[in-house]
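As stored in my_file17.csv (CSV, N, CA and C atoms):
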chain,number,residue,atom,x,y,z
A,1,MET,N,-26.8,8.4,16.9
A,1,MET,CA,-27.6,7.9,18.0
A,1,MET,C,-27.3,8.7,19.2
A,2,ASN,N,-28.3,9.1,19.9
A,2,ASN,CA,-28.0,9.9,21.1
A,2,ASN,C,-28.4,9.0,22.4
A,3,LYS,N,-28.2,9.7,23.5
A,3,LYS,CA,-28.4,9.0,24.8
A,3,LYS,C,-29.8,8.4,24.9
A,4,ASP,N,-30.8,9.2,24.6
A,4,ASP,CA,-32.2,8.8,24.7
A,4,ASP,C,-32.6,7.6,23.8
A,5,GLU,N,-32.0,7.6,22.6
A,5,GLU,CA,-32.3,6.4,21.8
A,5,GLU,C,-31.7,5.2,22.4
A,6,LEU,N,-30.5,5.3,22.8
A,6,LEU,CA,-29.8,4.1,23.4
A,6,LEU,C,-30.5,3.6,24.7
A,7,GLN,N,-30.7,4.6,25.6
A,7,GLN,CA,-31.4,4.2,26.9
A,7,GLN,C,-32.8,3.7,26.7
A,8,GLY,N,-33.5,4.3,25.7
A,8,GLY,CA,-34.9,3.8,25.4
A,8,GLY,C,-34.9,2.4,24.8
A,9,GLY,N,-33.9,2.2,23.9
A,9,GLY,CA,-33.8,0.8,23.4
A,9,GLY,C,-33.5,-0.2,24.4
A,10,ALA,N,-32.6,0.1,25.3
A,10,ALA,CA,-32.2,-0.8,26.4
A,10,ALA,C,-33.3,-1.1,27.3
A,11,ARG,N,-34.1,0.0,27.6
A,11,ARG,CA,-35.2,-0.2,28.6
A,11,ARG,C,-36.3,-1.0,27.9
A,12,TYR,N,-36.5,-0.9,26.6
A,12,TYR,CA,-37.5,-1.7,25.9
A,12,TYR,C,-37.1,-3.1,25.9
A,13,VAL,N,-35.8,-3.4,25.6
A,13,VAL,CA,-35.4,-4.8,25.6
A,13,VAL,C,-35.5,-5.4,27.0
A,14,GLY,N,-35.1,-4.6,28.0
A,14,GLY,CA,-35.2,-5.0,29.4
A,14,GLY,C,-36.6,-5.4,29.8
A,15,GLY,N,-37.6,-4.5,29.3
A,15,GLY,CA,-39.0,-4.8,29.6
A,15,GLY,C,-39.5,-6.1,28.9
A,16,LYS,N,-39.0,-6.4,27.7
A,16,LYS,CA,-39.3,-7.6,27.0
A,16,LYS,C,-38.8,-8.8,27.9
A,17,ILE,N,-37.6,-8.7,28.3
A,17,ILE,CA,-37.1,-9.8,29.1
A,17,ILE,C,-37.9,-10.0,30.4
A,18,GLU,N,-38.2,-8.8,31.1
A,18,GLU,CA,-38.9,-8.9,32.3
A,18,GLU,C,-40.3,-9.5,32.1
A,19,LYS,N,-41.0,-9.1,31.0
A,19,LYS,CA,-42.3,-9.7,30.7
A,19,LYS,C,-42.2,-11.2,30.5
A,20,ALA,N,-41.2,-11.6,29.7
A,20,ALA,CA,-41.0,-13.0,29.4
A,20,ALA,C,-40.7,-13.8,30.7
A,21,ALA,N,-39.9,-13.2,31.6
A,21,ALA,CA,-39.7,-13.9,32.9
A,21,ALA,C,-40.9,-14.0,33.7
A,22,GLY,N,-41.8,-12.9,33.6
A,22,GLY,CA,-43.0,-13.0,34.3
A,22,GLY,C,-44.0,-14.0,33.8
A,23,ASP,N,-43.9,-14.2,32.4
A,23,ASP,CA,-44.7,-15.3,31.8
A,23,ASP,C,-44.2,-16.7,32.3
A,24,VAL,N,-42.9,-16.8,32.4
A,24,VAL,CA,-42.4,-18.1,32.8
A,24,VAL,C,-42.8,-18.5,34.2
A,25,VAL,N,-42.6,-17.5,35.2
A,25,VAL,CA,-42.9,-17.8,36.6
A,25,VAL,C,-44.3,-17.5,36.9
A,26,ASP,N,-45.1,-17.0,36.0
A,26,ASP,CA,-46.5,-16.6,36.2
A,26,ASP,C,-46.6,-15.6,37.3
A,27,SER,N,-45.8,-14.5,37.1
A,27,SER,CA,-45.9,-13.4,38.1
A,27,SER,C,-46.6,-12.2,37.4
A,28,ARG,N,-47.7,-11.8,37.9
A,28,ARG,CA,-48.4,-10.7,37.3
A,28,ARG,C,-47.6,-9.4,37.4
A,29,ASP,N,-47.0,-9.2,38.6
A,29,ASP,CA,-46.2,-7.9,38.8
A,29,ASP,C,-45.1,-7.8,37.8
A,30,TRP,N,-44.4,-8.9,37.5
A,30,TRP,CA,-43.3,-8.8,36.5
A,30,TRP,C,-43.8,-8.6,35.1
A,31,LYS,N,-44.9,-9.2,34.8
A,31,LYS,CA,-45.5,-9.0,33.5
A,31,LYS,C,-45.9,-7.5,33.3
A,32,VAL,N,-46.6,-6.9,34.3
A,32,VAL,CA,-47.0,-5.5,34.2
A,32,VAL,C,-45.8,-4.6,34.2
A,33,ASP,N,-44.8,-4.9,35.0
A,33,ASP,CA,-43.6,-4.0,35.0
A,33,ASP,C,-42.8,-4.1,33.7
A,34,GLY,N,-42.8,-5.3,33.1
A,34,GLY,CA,-42.2,-5.5,31.8
A,34,GLY,C,-42.9,-4.7,30.7
A,35,VAL,N,-44.2,-4.7,30.7
A,35,VAL,CA,-45.0,-4.0,29.7
A,35,VAL,C,-44.8,-2.5,29.9
A,36,VAL,N,-44.8,-2.0,31.1
A,36,VAL,CA,-44.6,-0.6,31.4
A,36,VAL,C,-43.2,-0.2,30.9
A,37,ASP,N,-42.2,-1.0,31.2
A,37,ASP,CA,-40.8,-0.7,30.7
A,37,ASP,C,-40.7,-0.7,29.2
A,38,GLN,N,-41.4,-1.6,28.6
A,38,GLN,CA,-41.5,-1.6,27.1
A,38,GLN,C,-42.0,-0.3,26.5
A,39,VAL,N,-43.2,0.1,27.1
A,39,VAL,CA,-43.8,1.3,26.6
A,39,VAL,C,-43.0,2.5,26.9
A,40,ALA,N,-42.4,2.6,28.1
A,40,ALA,CA,-41.6,3.7,28.5
A,40,ALA,C,-40.3,3.7,27.6
A,41,GLY,N,-39.7,2.6,27.4
A,41,GLY,CA,-38.5,2.5,26.5
A,41,GLY,C,-38.8,2.9,25.1
A,42,ALA,N,-39.9,2.4,24.6
A,42,ALA,CA,-40.3,2.8,23.2
A,42,ALA,C,-40.5,4.3,23.1
A,43,ALA,N,-41.1,4.9,24.1
A,43,ALA,CA,-41.4,6.3,24.1
A,43,ALA,C,-40.1,7.1,24.2
A,44,GLN,N,-39.2,6.7,25.0
A,44,GLN,CA,-37.9,7.4,25.2
A,44,GLN,C,-37.1,7.2,23.9
A,45,HIS,N,-37.1,6.0,23.3
A,45,HIS,CA,-36.4,5.8,22.0
A,45,HIS,C,-36.9,6.7,20.9
A,46,THR,N,-38.3,6.8,20.8
A,46,THR,CA,-38.9,7.6,19.8
A,46,THR,C,-38.6,9.1,20.0
A,47,TYR,N,-38.5,9.5,21.3
A,47,TYR,CA,-38.1,10.9,21.6
A,47,TYR,C,-36.7,11.1,21.1
A,48,GLY,N,-35.8,10.2,21.4
A,48,GLY,CA,-34.4,10.3,21.0
A,48,GLY,C,-34.3,10.4,19.5
A,49,ARG,N,-35.0,9.5,18.8
A,49,ARG,CA,-35.0,9.5,17.4
A,49,ARG,C,-35.4,10.8,16.8
A,50,ALA,N,-36.5,11.4,17.3
A,50,ALA,CA,-37.0,12.7,16.9
A,50,ALA,C,-36.0,13.8,17.1
A,51,ARG,N,-35.4,13.7,18.3
A,51,ARG,CA,-34.3,14.7,18.6
A,51,ARG,C,-33.2,14.6,17.6
A,52,SER,N,-32.8,13.4,17.2
A,52,SER,CA,-31.7,13.2,16.3
A,52,SER,C,-32.1,13.8,14.9
A,53,VAL,N,-33.4,13.6,14.5
A,53,VAL,CA,-33.8,14.1,13.2
A,53,VAL,C,-33.8,15.6,13.2
A,54,VAL,N,-34.3,16.2,14.3
A,54,VAL,CA,-34.3,17.7,14.4
A,54,VAL,C,-32.8,18.2,14.4
A,55,GLU,N,-31.9,17.6,15.1
A,55,GLU,CA,-30.6,18.0,15.2
A,55,GLU,C,-29.9,17.9,13.8
A,56,ASP,N,-30.2,16.9,13.1
A,56,ASP,CA,-29.7,16.7,11.7
A,56,ASP,C,-30.2,17.8,10.8
A,57,ALA,N,-31.5,18.1,10.9
A,57,ALA,CA,-32.1,19.2,10.1
A,57,ALA,C,-31.5,20.5,10.4
A,58,ILE,N,-31.2,20.8,11.7
A,58,ILE,CA,-30.6,22.1,12.1
A,58,ILE,C,-29.2,22.1,11.6
A,59,ASP,N,-28.5,21.0,11.6
A,59,ASP,CA,-27.1,21.0,11.1
A,59,ASP,C,-27.1,21.2,9.6
A,60,ALA,N,-28.1,20.8,8.9
A,60,ALA,CA,-28.1,20.9,7.4
A,60,ALA,C,-28.7,22.2,6.9
A,61,ALA,N,-29.3,23.0,7.8
A,61,ALA,CA,-30.0,24.2,7.4
A,61,ALA,C,-29.0,25.2,6.8
A,62,PRO,N,-27.8,25.5,7.3
A,62,PRO,CA,-26.9,26.4,6.7
A,62,PRO,C,-26.6,26.0,5.2
A,63,ALA,N,-26.4,24.7,5.0
A,63,ALA,CA,-26.1,24.3,3.6
A,63,ALA,C,-27.3,24.6,2.7
A,64,PHE,N,-28.5,24.3,3.2
A,64,PHE,CA,-29.7,24.6,2.4
A,64,PHE,C,-29.8,26.1,2.1
A,65,ALA,N,-29.5,26.9,3.1
A,65,ALA,CA,-29.6,28.4,2.9
A,65,ALA,C,-28.6,28.9,1.9
A,66,ASP,N,-27.3,28.3,2.0
A,66,ASP,CA,-26.3,28.7,1.1
A,66,ASP,C,-26.7,28.3,-0.4
A,67,ASP,N,-27.2,27.1,-0.5
A,67,ASP,CA,-27.7,26.6,-1.8
A,67,ASP,C,-28.8,27.5,-2.4
A,68,ALA,N,-29.7,27.9,-1.5
A,68,ALA,CA,-30.9,28.7,-2.0
A,68,ALA,C,-30.4,30.1,-2.4
A,69,ARG,N,-29.4,30.7,-1.6
A,69,ARG,CA,-28.9,32.0,-1.9
A,69,ARG,C,-28.1,31.9,-3.3
A,70,ASP,N,-27.4,30.9,-3.5
A,70,ASP,CA,-26.6,30.8,-4.8
A,70,ASP,C,-27.6,30.6,-5.9
A,71,ARG,N,-28.7,29.9,-5.8
A,71,ARG,CA,-29.7,29.7,-6.8
A,71,ARG,C,-30.4,31.0,-7.1
A,72,LEU,N,-30.7,31.7,-6.1
A,72,LEU,CA,-31.4,33.0,-6.3
A,72,LEU,C,-30.5,34.0,-7.0
A,73,LYS,N,-29.2,34.0,-6.6
A,73,LYS,CA,-28.3,34.9,-7.2
A,73,LYS,C,-28.1,34.6,-8.7
A,74,ALA,N,-28.0,33.3,-9.0
A,74,ALA,CA,-27.9,32.9,-10.4
A,74,ALA,C,-29.2,33.3,-11.2
A,75,ALA,N,-30.3,33.1,-10.6
A,75,ALA,CA,-31.6,33.5,-11.3
A,75,ALA,C,-31.7,35.0,-11.5
A,76,GLY,N,-31.3,35.8,-10.5
A,76,GLY,CA,-31.3,37.2,-10.7
A,76,GLY,C,-30.3,37.7,-11.8
A,77,GLU,N,-29.2,37.0,-11.9
A,77,GLU,CA,-28.2,37.4,-12.9
A,77,GLU,C,-28.8,37.1,-14.3
A,78,ARG,N,-29.5,35.9,-14.4
A,78,ARG,CA,-30.1,35.6,-15.7
A,78,ARG,C,-31.2,36.5,-16.1
A,79,VAL,N,-32.0,37.0,-15.1
A,79,VAL,CA,-33.1,37.9,-15.4
A,79,VAL,C,-32.5,39.3,-15.8
A,80,ALA,N,-31.4,39.7,-15.1
A,80,ALA,CA,-30.8,41.0,-15.5
A,80,ALA,C,-30.2,40.9,-16.9
A,81,GLU,N,-29.6,39.8,-17.2
A,81,GLU,CA,-29.0,39.6,-18.5
A,81,GLU,C,-30.0,39.6,-19.6
A,82,THR,N,-31.1,38.9,-19.4
A,82,THR,CA,-32.2,38.9,-20.4
A,82,THR,C,-32.9,40.3,-20.5
A,83,ALA,N,-33.1,41.0,-19.4
A,83,ALA,CA,-33.6,42.4,-19.5
A,83,ALA,C,-32.7,43.3,-20.3
A,84,GLN,N,-31.4,43.2,-20.1
A,84,GLN,CA,-30.4,44.0,-20.8
A,84,GLN,C,-30.5,43.7,-22.3
A,85,LYS,N,-30.5,42.5,-22.6
A,85,LYS,CA,-30.6,42.1,-24.1
A,85,LYS,C,-31.9,42.6,-24.7
A,86,SER,N,-33.0,42.5,-24.0
A,86,SER,CA,-34.3,42.9,-24.5
A,86,SER,C,-34.3,44.4,-24.7
A,87,GLY,N,-33.7,45.1,-23.7
A,87,GLY,CA,-33.7,46.6,-23.8
A,87,GLY,C,-32.8,47.1,-25.0
A,88,LYS,N,-31.7,46.4,-25.2
A,88,LYS,CA,-30.8,46.7,-26.3
A,88,LYS,C,-31.6,46.5,-27.6
A,89,ALA,N,-32.3,45.4,-27.7
A,89,ALA,CA,-33.0,45.0,-28.9
A,89,ALA,C,-34.1,46.1,-29.2
A,90,ALA,N,-34.8,46.5,-28.1
A,90,ALA,CA,-35.9,47.5,-28.3
A,90,ALA,C,-35.3,48.8,-28.7
A,91,ALA,N,-34.2,49.2,-28.2
A,91,ALA,CA,-33.5,50.5,-28.5
A,91,ALA,C,-33.1,50.4,-30.0
A,92,GLN,N,-32.5,49.3,-30.4
A,92,GLN,CA,-32.1,49.1,-31.8
A,92,GLN,C,-33.3,49.2,-32.8
A,93,SER,N,-34.4,48.6,-32.4
A,93,SER,CA,-35.6,48.7,-33.2
A,93,SER,C,-36.1,50.1,-33.3
A,94,VAL,N,-36.1,50.9,-32.3
A,94,VAL,CA,-36.5,52.3,-32.3
A,94,VAL,C,-35.6,53.1,-33.3
A,95,GLN,N,-34.3,52.8,-33.2
A,95,GLN,CA,-33.3,53.5,-34.1
A,95,GLN,C,-33.5,53.1,-35.5
A,96,ASP,N,-33.9,51.8,-35.8
A,96,ASP,CA,-34.1,51.4,-37.1
A,96,ASP,C,-35.3,51.9,-37.8
A,97,THR,N,-36.4,52.0,-37.0
A,97,THR,CA,-37.7,52.5,-37.6
A,97,THR,C,-38.3,53.5,-36.7
A,98,PRO,N,-37.8,54.7,-36.7
A,98,PRO,CA,-38.3,55.8,-35.8
A,98,PRO,C,-39.7,56.2,-36.1
A,99,LEU,N,-40.0,56.3,-37.4
A,99,LEU,CA,-41.3,56.8,-37.8
A,99,LEU,C,-42.5,55.8,-37.3
A,100,VAL,N,-42.2,54.5,-37.4
A,100,VAL,CA,-43.2,53.6,-36.9
A,100,VAL,C,-43.4,53.7,-35.4
A,101,TRP,N,-42.3,53.9,-34.7
A,101,TRP,CA,-42.4,54.0,-33.2
A,101,TRP,C,-43.0,55.3,-32.8
A,102,ALA,N,-42.8,56.4,-33.6
A,102,ALA,CA,-43.4,57.7,-33.3
A,102,ALA,C,-45.0,57.6,-33.5
A,103,ILE,N,-45.4,56.9,-34.5
A,103,ILE,CA,-46.8,56.8,-34.8
A,103,ILE,C,-47.4,55.9,-33.7
A,104,ALA,N,-46.7,54.8,-33.3
A,104,ALA,CA,-47.2,53.9,-32.2
A,104,ALA,C,-47.4,54.7,-30.9
A,105,ALA,N,-46.4,55.6,-30.6
A,105,ALA,CA,-46.4,56.3,-29.4
A,105,ALA,C,-47.6,57.3,-29.4
A,106,GLY,N,-47.8,57.9,-30.6
A,106,GLY,CA,-49.0,58.8,-30.7
A,106,GLY,C,-50.3,58.1,-30.5
A,107,ILE,N,-50.5,57.0,-31.1
A,107,ILE,CA,-51.7,56.2,-31.0
A,107,ILE,C,-51.9,55.8,-29.5
A,108,GLY,N,-50.8,55.3,-28.9
A,108,GLY,CA,-50.9,54.9,-27.5
A,108,GLY,C,-51.2,56.1,-26.6
A,109,GLY,N,-50.7,57.2,-26.8
A,109,GLY,CA,-51.0,58.4,-26.0
A,109,GLY,C,-52.5,58.8,-26.2
A,110,TYR,N,-52.9,58.8,-27.4
A,110,TYR,CA,-54.3,59.1,-27.7
A,110,TYR,C,-55.3,58.1,-26.9
A,111,ALA,N,-55.0,56.8,-27.0
A,111,ALA,CA,-55.8,55.8,-26.4
A,111,ALA,C,-55.8,56.0,-24.9
A,112,LEU,N,-54.6,56.3,-24.3
A,112,LEU,CA,-54.5,56.5,-22.9
A,112,LEU,C,-55.3,57.7,-22.4
A,113,SER,N,-55.2,58.8,-23.2
A,113,SER,CA,-56.0,60.0,-22.8
A,113,SER,C,-57.5,59.8,-23.0
A,114,TRP,N,-57.9,59.0,-24.0
A,114,TRP,CA,-59.3,58.7,-24.1
A,114,TRP,C,-59.8,57.8,-23.0
A,115,LEU,N,-59.0,56.9,-22.5
A,115,LEU,CA,-59.4,56.1,-21.4
A,115,LEU,C,-59.5,56.9,-20.1
A,116,ILE,N,-58.6,57.8,-19.9
A,116,ILE,CA,-58.6,58.6,-18.7
A,116,ILE,C,-59.7,59.6,-18.7
A,117,HIS,N,-59.9,60.3,-19.7
A,117,HIS,CA,-60.9,61.4,-19.8
A,117,HIS,C,-62.3,60.9,-20.2
A,118,GLY,N,-62.3,59.9,-21.0
A,118,GLY,CA,-63.6,59.3,-21.5
A,118,GLY,C,-64.2,60.2,-22.5
A,119,ARG,N,-65.3,59.8,-23.0
A,119,ARG,CA,-66.1,60.6,-24.0
A,119,ARG,C,-67.1,61.5,-23.3
A,120,ARG,N,-67.0,62.8,-23.6
A,120,ARG,CA,-67.9,63.7,-23.0
A,120,ARG,C,-68.9,64.2,-24.0
A,121,ASP,N,-70.2,64.1,-23.5
A,121,ASP,CA,-71.3,64.5,-24.4
A,121,ASP,C,-71.7,65.9,-24.1
Could you spell out this file's structure in structure tokens?
Amino acid sequence: MNKDELQGGARYVGGKIEKAAGDVVDSRDWKVDGVVDQVAGAAQHTYGRARSVVEDAIDAAPAFADDARDRLKAAGERVAETAQKSGKAAAQSVQDTPLVWAIAAGIGGYALSWLIHGRRD
């Protein structure tokens, strides 16, 4: 709770009391002043509350940033590990069946050249 929340709450309560006193003695000035103080107190209290929320968010921001950085680092490590495993598996497959991979590379090269150059009449 900050100064604005406390002062706004006190001014609101003071305005309630002032309005009630104006109702008892039937004083229009006290009633109006009481309502004005209630509105002003509520606005000041709301401002103070919003300020507290923003300050709390600013205080928590470094912790959120640290958590996000740690999560991104872990995800990057998992991706790198998966890519390394996949690369090793592909290399082992090429070593195990080189003829199949050579034929596949030839077909792929032919298809790529056909797409690039197209059919000429």
Expressed in Å, the length from CA of Gly22 (chain A) to atom C of Val35 (chain A) is 11.5 Å
query: Near region 6-8 of chain A, counting all atoms listed in the file, which residues have an atom at most 8 Å away, once you skip same-chain residues fewer than 5 positions from it, shown as a PyMOL selection string?
result: chain A and resi 1+13-14+37-38+40-49
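What separates atom C of Gly106 (chain A) from atom N of Ser93 (chain A) is a distance of 18.6 Å.
A straight line drawn from atom N of Asn2 (chain A) to atom N of Asp33 (chain A) is 26.4 Å long.
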